[in-house]
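K.L.:
For reference, this is model-v2.cif, and it has mmCIF, C-alpha atoms.
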```
data_run
loop_
_atom_site.group_PDB
_atom_site.id
_atom_site.type_symbol
_atom_site.label_atom_id
_atom_site.label_comp_id
_atom_site.auth_asym_id
_atom_site.auth_seq_id
_atom_site.Cartn_x
_atom_site.Cartn_y
_atom_site.Cartn_z
ATOM 1 C CA MET A 1 57.457 131.737 99.116
ATOM 2 C CA LYS A 2 61.033 131.313 97.952
ATOM 3 C CA PHE A 3 62.154 127.951 96.636
ATOM 4 C CA LYS A 4 65.806 128.700 95.893
ATOM 5 C CA LEU A 5 68.704 130.638 97.311
ATOM 6 C CA GLU A 6 69.379 133.840 95.400
ATOM 7 C CA PHE A 7 72.330 136.162 95.880
ATOM 8 C CA ASP A 8 73.640 139.360 94.391
ATOM 9 C CA ILE A 9 76.681 139.396 92.122
ATOM 10 C CA ALA A 10 78.825 142.508 91.987
ATOM 11 C CA PRO A 11 78.663 144.136 88.535
ATOM 12 C CA PHE A 12 81.854 144.298 86.496
ATOM 13 C CA ALA A 13 83.690 147.596 86.912
ATOM 14 C CA SER A 14 84.596 147.377 83.221
ATOM 15 C CA LYS A 15 81.676 146.262 81.045
ATOM 16 C CA ILE A 16 82.050 144.040 77.975
ATOM 17 C CA ASN A 17 81.313 146.006 74.801
ATOM 18 C CA PRO A 18 79.831 144.529 71.596
ATOM 19 C CA ASP A 19 83.236 144.680 69.870
ATOM 20 C CA GLY A 20 85.088 143.486 72.970
ATOM 21 C CA LYS A 21 88.024 141.112 72.539
ATOM 22 C CA LEU A 22 87.935 138.236 75.014
ATOM 23 C CA PHE A 23 90.373 135.518 76.057
ATOM 24 C CA PHE A 24 89.320 132.286 77.789
ATOM 25 C CA ALA A 25 91.526 129.696 79.476
ATOM 26 C CA GLY A 26 90.826 126.678 81.622
ATOM 27 C CA SER A 27 88.391 123.838 82.048
ATOM 28 C CA CYS A 28 85.634 122.477 79.819
ATOM 29 C CA PHE A 29 83.197 124.825 81.570
ATOM 30 C CA SER A 30 85.313 127.734 80.274
ATOM 31 C CA GLU A 31 84.733 126.435 76.747
ATOM 32 C CA ASN A 32 80.977 126.202 77.398
ATOM 33 C CA ILE A 33 80.824 129.917 78.233
ATOM 34 C CA ALA A 34 83.286 130.894 75.499
ATOM 35 C CA SER A 35 81.077 129.157 72.924
ATOM 36 C CA LEU A 36 78.177 131.435 73.886
ATOM 37 C CA PHE A 37 80.314 134.542 73.398
ATOM 38 C CA GLU A 38 81.366 133.108 70.041
ATOM 39 C CA LYS A 39 77.707 132.467 69.144
ATOM 40 C CA TYR A 40 77.052 136.185 69.616
ATOM 41 C CA LYS A 41 79.994 137.039 67.371
ATOM 42 C CA PHE A 42 82.453 138.378 69.934
ATOM 43 C CA ASP A 43 86.123 138.322 68.968
ATOM 44 C CA ILE A 44 87.480 135.555 71.203
ATOM 45 C CA VAL A 45 90.391 133.207 71.733
ATOM 46 C CA SER A 46 89.508 130.109 73.737
ATOM 47 C CA ASN A 47 91.884 127.565 75.284
ATOM 48 C CA THR A 48 94.940 127.990 73.097
ATOM 49 C CA HIS A 49 96.362 124.777 74.595
ATOM 50 C CA GLY A 50 93.045 122.942 74.748
ATOM 51 C CA ILE A 51 91.073 122.129 77.883
ATOM 52 C CA LEU A 52 93.204 122.357 81.043
ATOM 53 C CA TYR A 53 92.098 121.854 84.630
ATOM 54 C CA ASN A 54 94.822 122.712 87.122
ATOM 55 C CA PRO A 55 96.007 126.284 87.842
ATOM 56 C CA HIS A 56 99.660 125.506 87.088
ATOM 57 C CA SER A 57 98.992 124.279 83.543
ATOM 58 C CA ILE A 58 96.495 127.060 82.849
ATOM 59 C CA ALA A 59 99.023 129.697 83.961
ATOM 60 C CA ARG A 60 101.755 128.120 81.852
ATOM 61 C CA SER A 61 99.526 128.203 78.784
ATOM 62 C CA ILE A 62 98.924 131.942 79.292
ATOM 63 C CA PHE A 63 102.630 132.578 79.946
ATOM 64 C CA ASP A 64 103.317 130.890 76.584
ATOM 65 C CA CYS A 65 100.975 133.376 74.901
ATOM 66 C CA VAL A 66 102.358 136.388 76.761
ATOM 67 C CA GLU A 67 105.926 135.442 75.779
ATOM 68 C CA LYS A 68 104.916 134.195 72.302
ATOM 69 C CA ARG A 69 106.812 131.000 72.955
ATOM 70 C CA THR A 70 107.770 128.860 69.966
ATOM 71 C CA TYR A 71 107.507 125.124 70.537
ATOM 72 C CA THR A 72 110.138 122.895 68.917
ATOM 73 C CA GLU A 73 110.639 119.171 68.388
ATOM 74 C CA GLN A 74 112.277 118.954 71.820
ATOM 75 C CA ASP A 75 108.943 119.895 73.411
ATOM 76 C CA LEU A 76 107.131 116.905 71.913
ATOM 77 C CA PHE A 77 107.107 113.199 72.651
ATOM 78 C CA TYR A 78 105.814 110.228 70.680
ATOM 79 C CA ALA A 79 103.201 107.928 72.213
ATOM 80 C CA ASN A 80 100.103 106.069 71.031
ATOM 81 C CA GLU A 81 101.112 106.638 67.396
ATOM 82 C CA SER A 82 101.002 110.427 67.781
ATOM 83 C CA TRP A 83 103.246 113.363 68.573
ATOM 84 C CA ASN A 84 102.082 115.045 71.767
ATOM 85 C CA SER A 85 102.855 117.903 74.123
ATOM 86 C CA PHE A 86 102.490 117.487 77.878
ATOM 87 C CA ASN A 87 101.352 121.134 77.970
ATOM 88 C CA HIS A 88 98.518 120.598 75.507
ATOM 89 C CA HIS A 89 95.211 118.788 75.218
ATOM 90 C CA GLY A 90 94.976 115.748 72.969
ATOM 91 C CA ARG A 91 93.286 117.745 70.204
ATOM 92 C CA PHE A 92 96.763 119.030 69.285
ATOM 93 C CA SER A 93 98.204 115.513 68.998
ATOM 94 C CA ASN A 94 99.069 114.535 65.448
ATOM 95 C CA SER A 95 100.715 111.652 63.623
ATOM 96 C CA ASP A 96 102.801 114.258 61.779
ATOM 97 C CA LYS A 97 105.309 116.118 63.962
ATOM 98 C CA LYS A 98 105.353 119.247 61.789
ATOM 99 C CA ASN A 99 101.569 119.517 61.726
ATOM 100 C CA CYS A 100 101.495 119.186 65.508
ATOM 101 C CA LEU A 101 104.026 122.003 65.982
ATOM 102 C CA ASP A 102 102.443 124.213 63.332
ATOM 103 C CA GLU A 103 99.032 124.115 65.027
ATOM 104 C CA ILE A 104 100.514 124.705 68.508
ATOM 105 C CA ASN A 105 102.558 127.711 67.380
ATOM 106 C CA LYS A 106 99.768 129.161 65.230
ATOM 107 C CA GLN A 107 97.412 129.238 68.227
ATOM 108 C CA ILE A 108 100.040 130.865 70.472
ATOM 109 C CA SER A 109 100.859 133.524 67.876
ATOM 110 C CA LYS A 110 97.181 134.402 67.396
ATOM 111 C CA ALA A 111 96.581 134.517 71.144
ATOM 112 C CA HIS A 112 99.617 136.735 71.753
ATOM 113 C CA GLU A 113 98.195 139.425 69.476
ATOM 114 C CA LEU A 114 94.741 139.270 71.074
ATOM 115 C CA LEU A 115 96.160 139.354 74.620
ATOM 116 C CA LYS A 116 97.798 142.704 73.881
ATOM 117 C CA LYS A 117 94.389 144.206 72.991
ATOM 118 C CA CYS A 118 91.734 142.310 74.929
ATOM 119 C CA LYS A 119 89.818 143.906 77.793
ATOM 120 C CA HIS A 120 88.798 140.721 79.609
ATOM 121 C CA LEU A 121 90.618 137.474 80.327
ATOM 122 C CA PHE A 122 88.486 134.702 81.852
ATOM 123 C CA ILE A 123 90.361 132.005 83.800
ATOM 124 C CA THR A 124 88.392 128.957 84.984
ATOM 125 C CA PHE A 125 90.052 126.637 87.494
ATOM 126 C CA GLY A 126 88.885 123.039 87.592
ATOM 127 C CA SER A 127 90.999 121.138 90.096
ATOM 128 C CA ALA A 128 93.943 121.751 92.427
ATOM 129 C CA PHE A 129 95.249 118.247 91.680
ATOM 130 C CA ILE A 130 98.161 118.022 89.264
ATOM 131 C CA TYR A 131 100.251 115.200 87.811
ATOM 132 C CA LYS A 132 104.048 115.182 87.712
ATOM 133 C CA HIS A 133 105.775 113.080 85.055
ATOM 134 C CA ILE A 134 108.310 111.161 87.138
ATOM 135 C CA GLU A 135 110.961 110.672 84.425
ATOM 136 C CA SER A 136 111.061 114.271 83.154
ATOM 137 C CA GLY A 137 109.976 116.050 86.325
ATOM 138 C CA LEU A 138 107.408 118.024 84.324
ATOM 139 C CA PHE A 139 103.990 118.977 85.649
ATOM 140 C CA VAL A 140 101.610 118.008 82.875
ATOM 141 C CA GLY A 141 98.371 119.427 81.597
ATOM 142 C CA ASN A 142 97.412 116.154 79.912
ATOM 143 C CA CYS A 143 98.703 112.616 80.473
ATOM 144 C CA HIS A 144 97.791 111.466 76.926
ATOM 145 C CA LYS A 145 96.791 107.970 78.096
ATOM 146 C CA ILE A 146 100.306 107.166 79.285
ATOM 147 C CA PRO A 147 100.230 104.602 82.158
ATOM 148 C CA GLN A 148 99.408 106.240 85.488
ATOM 149 C CA LYS A 149 102.449 104.648 87.162
ATOM 150 C CA GLN A 150 104.606 107.122 85.244
ATOM 151 C CA PHE A 151 103.044 110.045 87.129
ATOM 152 C CA GLN A 152 102.898 111.303 90.691
ATOM 153 C CA LYS A 153 99.628 112.894 91.781
ATOM 154 C CA ILE A 154 100.011 116.062 93.873
ATOM 155 C CA ILE A 155 97.604 118.656 95.242
ATOM 156 C CA LEU A 156 98.707 122.267 94.900
ATOM 157 C CA SER A 157 98.688 124.502 97.950
ATOM 158 C CA LYS A 158 96.920 127.837 98.104
ATOM 159 C CA GLU A 159 100.307 129.558 98.343
ATOM 160 C CA GLU A 160 101.632 127.857 95.195
ATOM 161 C CA VAL A 161 98.610 129.019 93.197
ATOM 162 C CA ILE A 162 98.836 132.590 94.508
ATOM 163 C CA ASP A 163 102.590 132.905 93.893
ATOM 164 C CA GLN A 164 102.315 131.763 90.281
ATOM 165 C CA TYR A 165 99.357 134.007 89.493
ATOM 166 C CA LYS A 166 100.924 137.089 91.042
ATOM 167 C CA LYS A 167 103.723 136.693 88.474
ATOM 168 C CA LEU A 168 101.245 136.049 85.682
ATOM 169 C CA VAL A 169 99.140 139.097 86.530
ATOM 170 C CA LYS A 170 102.288 141.266 86.543
ATOM 171 C CA ASN A 171 103.358 139.964 83.117
ATOM 172 C CA LEU A 172 99.878 140.448 81.668
ATOM 173 C CA LYS A 173 99.693 144.068 82.856
ATOM 174 C CA GLU A 174 103.077 144.755 81.260
ATOM 175 C CA ILE A 175 101.859 143.823 77.775
ATOM 176 C CA ASN A 176 98.289 145.078 78.284
ATOM 177 C CA PRO A 177 97.797 147.661 81.063
ATOM 178 C CA GLY A 178 94.035 147.802 80.439
ATOM 179 C CA ILE A 179 93.319 144.083 80.841
ATOM 180 C CA ASN A 180 90.767 142.835 83.392
ATOM 181 C CA ILE A 181 91.124 139.296 84.722
ATOM 182 C CA VAL A 182 87.975 137.396 85.711
ATOM 183 C CA PHE A 183 88.520 134.238 87.759
ATOM 184 C CA THR A 184 85.900 131.513 88.013
ATOM 185 C CA ALA A 185 85.824 128.031 89.518
ATOM 186 C CA SER A 186 84.282 125.263 87.457
ATOM 187 C CA PRO A 187 81.067 123.835 88.952
ATOM 188 C CA VAL A 188 82.033 120.413 87.567
ATOM 189 C CA ARG A 189 82.585 117.898 90.360
ATOM 190 C CA TYR A 190 85.787 115.914 89.743
ATOM 191 C CA ILE A 191 84.618 112.825 91.578
ATOM 192 C CA ARG A 192 87.381 110.698 90.063
ATOM 193 C CA ASP A 193 89.543 112.337 92.742
ATOM 194 C CA GLY A 194 86.982 111.402 95.401
ATOM 195 C CA VAL A 195 84.077 113.451 96.719
ATOM 196 C CA ALA A 196 85.874 114.718 99.834
ATOM 197 C CA GLU A 197 89.042 115.307 97.812
ATOM 198 C CA ASN A 198 87.104 117.303 95.214
ATOM 199 C CA ASN A 199 85.696 119.538 97.956
ATOM 200 C CA LEU A 200 89.191 120.075 99.356
ATOM 201 C CA SER A 201 90.452 120.915 95.881
ATOM 202 C CA LYS A 202 87.684 123.450 95.258
ATOM 203 C CA ALA A 203 88.309 125.022 98.690
ATOM 204 C CA ILE A 204 91.982 125.582 97.842
ATOM 205 C CA LEU A 205 91.100 127.122 94.476
ATOM 206 C CA LEU A 206 88.423 129.401 95.920
ATOM 207 C CA GLN A 207 90.628 130.630 98.729
ATOM 208 C CA ALA A 208 93.503 131.335 96.327
ATOM 209 C CA VAL A 209 91.228 133.218 93.929
ATOM 210 C CA HIS A 210 89.673 135.381 96.628
ATOM 211 C CA GLU A 211 93.120 136.368 97.927
ATOM 212 C CA LEU A 212 94.287 137.209 94.402
ATOM 213 C CA VAL A 213 91.193 139.322 93.754
ATOM 214 C CA ALA A 214 91.625 141.160 97.062
ATOM 215 C CA ALA A 215 95.227 142.003 96.157
ATOM 216 C CA HIS A 216 94.617 143.243 92.580
ATOM 217 C CA GLU A 217 92.056 145.912 91.695
ATOM 218 C CA HIS A 218 91.770 144.719 88.075
ATOM 219 C CA CYS A 219 91.043 141.103 89.082
ATOM 220 C CA PHE A 220 87.497 139.896 89.709
ATOM 221 C CA TYR A 221 85.638 136.760 90.727
ATOM 222 C CA PHE A 222 82.516 135.498 88.989
ATOM 223 C CA PRO A 223 80.706 132.827 91.053
ATOM 224 C CA SER A 224 79.919 130.151 88.447
ATOM 225 C CA TYR A 225 80.587 127.471 91.076
ATOM 226 C CA GLU A 226 78.151 128.994 93.567
ATOM 227 C CA ILE A 227 75.454 129.676 90.966
ATOM 228 C CA VAL A 228 75.280 126.013 89.961
ATOM 229 C CA ASN A 229 75.897 124.366 93.321
ATOM 230 C CA ASP A 230 74.144 126.810 95.663
ATOM 231 C CA GLU A 231 71.564 128.716 93.619
ATOM 232 C CA LEU A 232 70.402 125.968 91.236
ATOM 233 C CA ARG A 233 71.349 123.162 93.609
ATOM 234 C CA ASP A 234 69.452 120.366 91.913
ATOM 235 C CA TYR A 235 70.537 117.306 89.925
ATOM 236 C CA ARG A 236 68.083 118.200 87.159
ATOM 237 C CA PHE A 237 70.646 120.841 86.156
ATOM 238 C CA PHE A 238 73.305 118.182 85.565
ATOM 239 C CA GLU A 239 73.992 115.679 82.827
ATOM 240 C CA ALA A 240 73.283 111.983 83.393
ATOM 241 C CA ASP A 241 76.739 111.560 84.955
ATOM 242 C CA MET A 242 75.592 113.873 87.809
ATOM 243 C CA VAL A 243 78.898 115.717 87.429
ATOM 244 C CA HIS A 244 78.722 118.067 84.432
ATOM 245 C CA PRO A 245 76.220 120.961 84.340
ATOM 246 C CA ASN A 246 73.728 120.531 81.498
ATOM 247 C CA GLN A 247 72.816 123.134 78.879
ATOM 248 C CA LEU A 248 70.027 124.525 81.055
ATOM 249 C CA ALA A 249 72.545 125.273 83.819
ATOM 250 C CA ILE A 250 75.074 126.720 81.359
ATOM 251 C CA ASP A 251 72.412 129.001 79.886
ATOM 252 C CA TYR A 252 71.457 130.169 83.376
ATOM 253 C CA VAL A 253 75.079 130.972 84.247
ATOM 254 C CA TRP A 254 75.271 132.908 80.958
ATOM 255 C CA GLU A 255 72.131 134.827 81.936
ATOM 256 C CA ARG A 256 73.629 135.756 85.327
ATOM 257 C CA LEU A 257 76.931 136.702 83.696
ATOM 258 C CA SER A 258 75.117 138.894 81.173
ATOM 259 C CA GLU A 259 73.418 140.790 84.017
ATOM 260 C CA VAL A 260 76.699 141.957 85.519
ATOM 261 C CA CYS A 261 79.115 142.187 82.590
ATOM 262 C CA PHE A 262 77.120 143.696 79.708
ATOM 263 C CA GLY A 263 76.250 147.345 79.269
ATOM 264 C CA SER A 264 72.874 148.326 77.823
ATOM 265 C CA GLY A 265 74.287 148.541 74.269
ATOM 266 C CA THR A 266 75.625 144.994 74.428
ATOM 267 C CA LYS A 267 72.337 143.656 75.795
ATOM 268 C CA GLU A 268 70.417 145.356 72.980
ATOM 269 C CA LEU A 269 72.748 143.907 70.361
ATOM 270 C CA ILE A 270 72.400 140.383 71.766
ATOM 271 C CA SER A 271 68.609 140.728 71.643
ATOM 272 C CA GLU A 272 68.876 141.692 67.953
ATOM 273 C CA LEU A 273 71.274 138.828 67.294
ATOM 274 C CA ASP A 274 68.891 136.359 68.950
ATOM 275 C CA LEU A 275 66.186 137.380 66.470
ATOM 276 C CA ILE A 276 68.539 136.862 63.520
ATOM 277 C CA LEU A 277 69.961 133.561 64.784
ATOM 278 C CA ASN A 278 66.483 132.190 65.500
ATOM 279 C CA ALA A 279 65.325 133.291 62.051
ATOM 280 C CA ALA A 280 68.315 131.577 60.436
ATOM 281 C CA SER A 281 67.361 128.283 62.104
ATOM 282 C CA HIS A 282 63.681 128.589 61.116
ATOM 283 C CA LYS A 283 62.311 125.685 59.048
ATOM 284 C CA PRO A 284 59.602 126.998 56.666
ATOM 285 C CA PHE A 285 56.452 125.053 55.817
ATOM 286 C CA ASN A 286 56.548 126.350 52.238
ATOM 287 C CA GLU A 287 59.989 127.588 51.190
ATOM 288 C CA SER A 288 58.751 128.962 47.845
ATOM 289 C CA SER A 289 55.924 131.016 49.319
ATOM 290 C CA GLU A 290 55.879 134.804 49.008
ATOM 291 C CA ALA A 291 55.597 135.084 52.781
ATOM 292 C CA HIS A 292 58.842 133.156 53.273
ATOM 293 C CA LYS A 293 60.617 135.209 50.607
ATOM 294 C CA LYS A 294 59.547 138.372 52.430
ATOM 295 C CA PHE A 295 60.744 136.828 55.714
ATOM 296 C CA LYS A 296 64.196 136.161 54.223
ATOM 297 C CA GLU A 297 64.409 139.605 52.684
ATOM 298 C CA THR A 298 63.538 141.246 56.025
ATOM 299 C CA TYR A 299 66.268 139.416 57.920
ATOM 300 C CA PHE A 300 68.848 139.902 55.165
ATOM 301 C CA LYS A 301 68.300 143.642 55.600
ATOM 302 C CA LYS A 302 68.495 143.330 59.408
ATOM 303 C CA CYS A 303 71.965 141.811 59.013
ATOM 304 C CA ASP A 304 73.054 144.705 56.812
ATOM 305 C CA GLU A 305 71.692 147.249 59.312
ATOM 306 C CA LEU A 306 73.605 145.688 62.209
ATOM 307 C CA LYS A 307 76.796 145.444 60.156
ATOM 308 C CA ARG A 308 76.610 149.192 59.520
ATOM 309 C CA LYS A 309 76.382 149.780 63.277
ATOM 310 C CA PHE A 310 78.937 147.164 64.306
ATOM 311 C CA ALA A 311 81.674 146.679 61.716
ATOM 312 C CA HIS A 312 83.110 143.612 63.457
ATOM 313 C CA LEU A 313 79.986 141.489 62.879
ATOM 314 C CA ASP A 314 80.152 138.768 60.245
ATOM 315 C CA PHE A 315 76.807 137.576 58.914
ATOM 316 C CA GLY A 316 78.172 135.544 55.997
ATOM 317 C CA LYS A 317 76.551 132.326 57.177
ATOM 318 C CA GLU A 318 73.208 133.916 58.009
ATOM 319 C CA GLN A 319 72.933 136.040 54.876
ATOM 320 C CA LYS A 320 73.627 132.988 52.757
ATOM 321 C CA ILE A 321 70.537 131.404 54.361
ATOM 322 C CA PHE A 322 68.489 134.583 53.838
ATOM 323 C CA THR A 323 69.478 135.006 50.173
ATOM 324 C CA ILE A 324 66.489 134.604 47.857
#
```
Would you write the structure of this file as structure tokens?
P.N.:
Amino acid sequence: MKFKLEFDIAPFASKINPDGKLFFAGSCFSENIASLFEKYKFDIVSNTHGILYNPHSIARSIFDCVEKRTYTEQDLFYANESWNSFNHHGRFSNSDKKNCLDEINKQISKAHELLKKCKHLFITFGSAFIYKHIESGLFVGNCHKIPQKQFQKIILSKEEVIDQYKKLVKNLKEINPGINIVFTASPVRYIRDGVAENNLSKAILLQAVHELVAAHEHCFYFPSYEIVNDELRDYRFFEADMVHPNQLAIDYVWERLSEVCFGSGTKELISELDLILNAASHKPFNESSEAHKKFKETYFKKCDELKRKFAHLDFGKEQKIFTI
């Protein structure tokens, strides 16, 4: 008997290698997946502008990195005792204007260099709803707790999303002809917009993505949304708010992603890394015992062996734990 819907996912035409450079942009679910790639020591850049939900703001953040835009004082505003950018998440806000700009521009500069070399760019859309700042006319990525009456809420059309991303894809291919773009839709339900409205929003995003993928051979769709909402399809895979997928769901999405995007060499490396990471978190009964010293020595050597095979790996943290 079958107790859940299962479906096939098309394997990536271009697999992710152990030393692959990866770029992530979009919603909080994008950060959840990016953190797992970071755990396994991939070279990544994640959300250079912080968490963003709507396609317009996500595209603008990537355009900034493609163009290596430099933000200036004119791009900031002061509110709630901090300097802020409407294009950035609140984690960039700072009571010191210079510190705010320095962090913004440092992230863009770093991301620009990685974008020129990375093989895979993951873009995760959250919502088709967007807020327009009435006074400035700007579409914002974050309202920074400014009163809602200062914004107009709008839902993007499928055509608006497609038009903007056609331009973005063209610009990305100009600076990095070998880049692959993987679109996903966040499985998070944005019920603050309303349940029916959230479904409408997701429908717009999914239709736009599928048309973009059909029109560009180096663009792909990974069905995070369908995995959580159709394959898992149970509230036990969500946090207490019944909106955000829990760690069990995130780990399952990672497992499904691994099946289609990793070659055999990458899968083998991750298995080796799991052994080392689990060993590093091991709590010994008797830390001074000979058995534990041998255990530490064994895994210290394992780190060295993997470093010789994969020069990009950094085991500084783990080898400090394994040092006798």
K.L.:
Show which residues sit within 9 Å of A:Ile181, as a PDB file with C-alpha atoms, in the frame of the given file. Count only C-alpha atoms, and ignore same-chain residues fewer than 4 positions away.
P.N.:
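The resulting file, out_13.pdb, is shown below:
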```pdb
ATOM      1  CA  LYS A 119      89.818 143.906  77.793  1.00  0.00           C
ATOM      2  CA  HIS A 120      88.798 140.721  79.609  1.00  0.00           C
ATOM      3  CA  LEU A 121      90.618 137.474  80.327  1.00  0.00           C
ATOM      4  CA  PHE A 122      88.486 134.702  81.852  1.00  0.00           C
ATOM      5  CA  ILE A 123      90.361 132.005  83.800  1.00  0.00           C
ATOM      6  CA  VAL A 169      99.140 139.097  86.530  1.00  0.00           C
ATOM      7  CA  HIS A 218      91.770 144.719  88.075  1.00  0.00           C
ATOM      8  CA  CYS A 219      91.043 141.103  89.082  1.00  0.00           C
ATOM      9  CA  PHE A 220      87.497 139.896  89.709  1.00  0.00           C
ATOM     10  CA  TYR A 221      85.638 136.760  90.727  1.00  0.00           C
TER      11      TYR A 221
END
```
K.L.:
Enumerate, as number ranges by chain, the residues matched when the PyMOL selection byres ((chain A and resi 300) around 10) is run on the file above.
P.N.:
A: 276, 280, 294-299, 301-305, 315, 318-324
K.L.:
What does the PyMOL selection byres ((chain A and resi 260) around 7) select in this file, as a ChimeraX atom specification?
P.N.:
/A:10-12,256-259,261-262
K.L.:
Fewer than 4 positions away in the same chain doesn't count, so skip those; otherwise give me all residues within 12 Å of A:Gln148, counting only C-alpha atoms, as a PyMOL selection string.
P.N.:
chain A and resi 131-134+142-144+152-153
K.L.:
List the neighbours of stretch 33-38 of chain A out to 8 Å using only C-alpha atoms; skip same-chain residues closer than 5 positions along the sequence, and give me the result as a list in words.
P.N.:
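So the residues in contact are Phe24, Asp43, Ile44, Ser46, Ile250 and Trp254 of chain A.
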K.L.:
Write a file of the just-selected residues containing C-alpha atoms, as a PDB file, in the coordinates of the input.
P.N.:
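Contents of selection.pdb, as written:
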```pdb
ATOM      1  CA  PHE A  24      89.320 132.286  77.789  1.00  0.00           C
ATOM      2  CA  ASP A  43      86.123 138.322  68.968  1.00  0.00           C
ATOM      3  CA  ILE A  44      87.480 135.555  71.203  1.00  0.00           C
ATOM      4  CA  SER A  46      89.508 130.109  73.737  1.00  0.00           C
ATOM      5  CA  ILE A 250      75.074 126.720  81.359  1.00  0.00           C
ATOM      6  CA  TRP A 254      75.271 132.908  80.958  1.00  0.00           C
TER       7      TRP A 254
END
```
K.L.:
Of the candidates A:Ala311, A:Ala79, A:Ile175, A:Ile108, which one gets nearest to A:Ile146 if we count only C-alpha atoms?
P.N.:
A:Ala79
K.L.:
Box time for stretch 130-133 of chain A: axis-aligned, enclosing all its listed atoms, 5 Å extra on each side; report centre and edge lengths in Å to one decimal, as JSON.
P.N.:
```
{"center_x": 102.0, "center_y": 115.6, "center_z": 87.2, "size_x": 17.6, "size_y": 14.9, "size_z": 14.2}
```
K.L.:
I'd like the residues picked by the PyMOL selection byres ((chain A and resi 48-61) around 6) written out as JSON, numbers by chain, using the chain letters and numbers from the file.
P.N.:
{"A": [26, 27, 28, 46, 47, 62, 63, 64, 88, 89, 107, 125, 126, 127, 128, 141]}
K.L.:
By how many Å are atom CA of A:Ser271 and atom CA of A:Lys309 apart?
P.N.:
14.6 Å
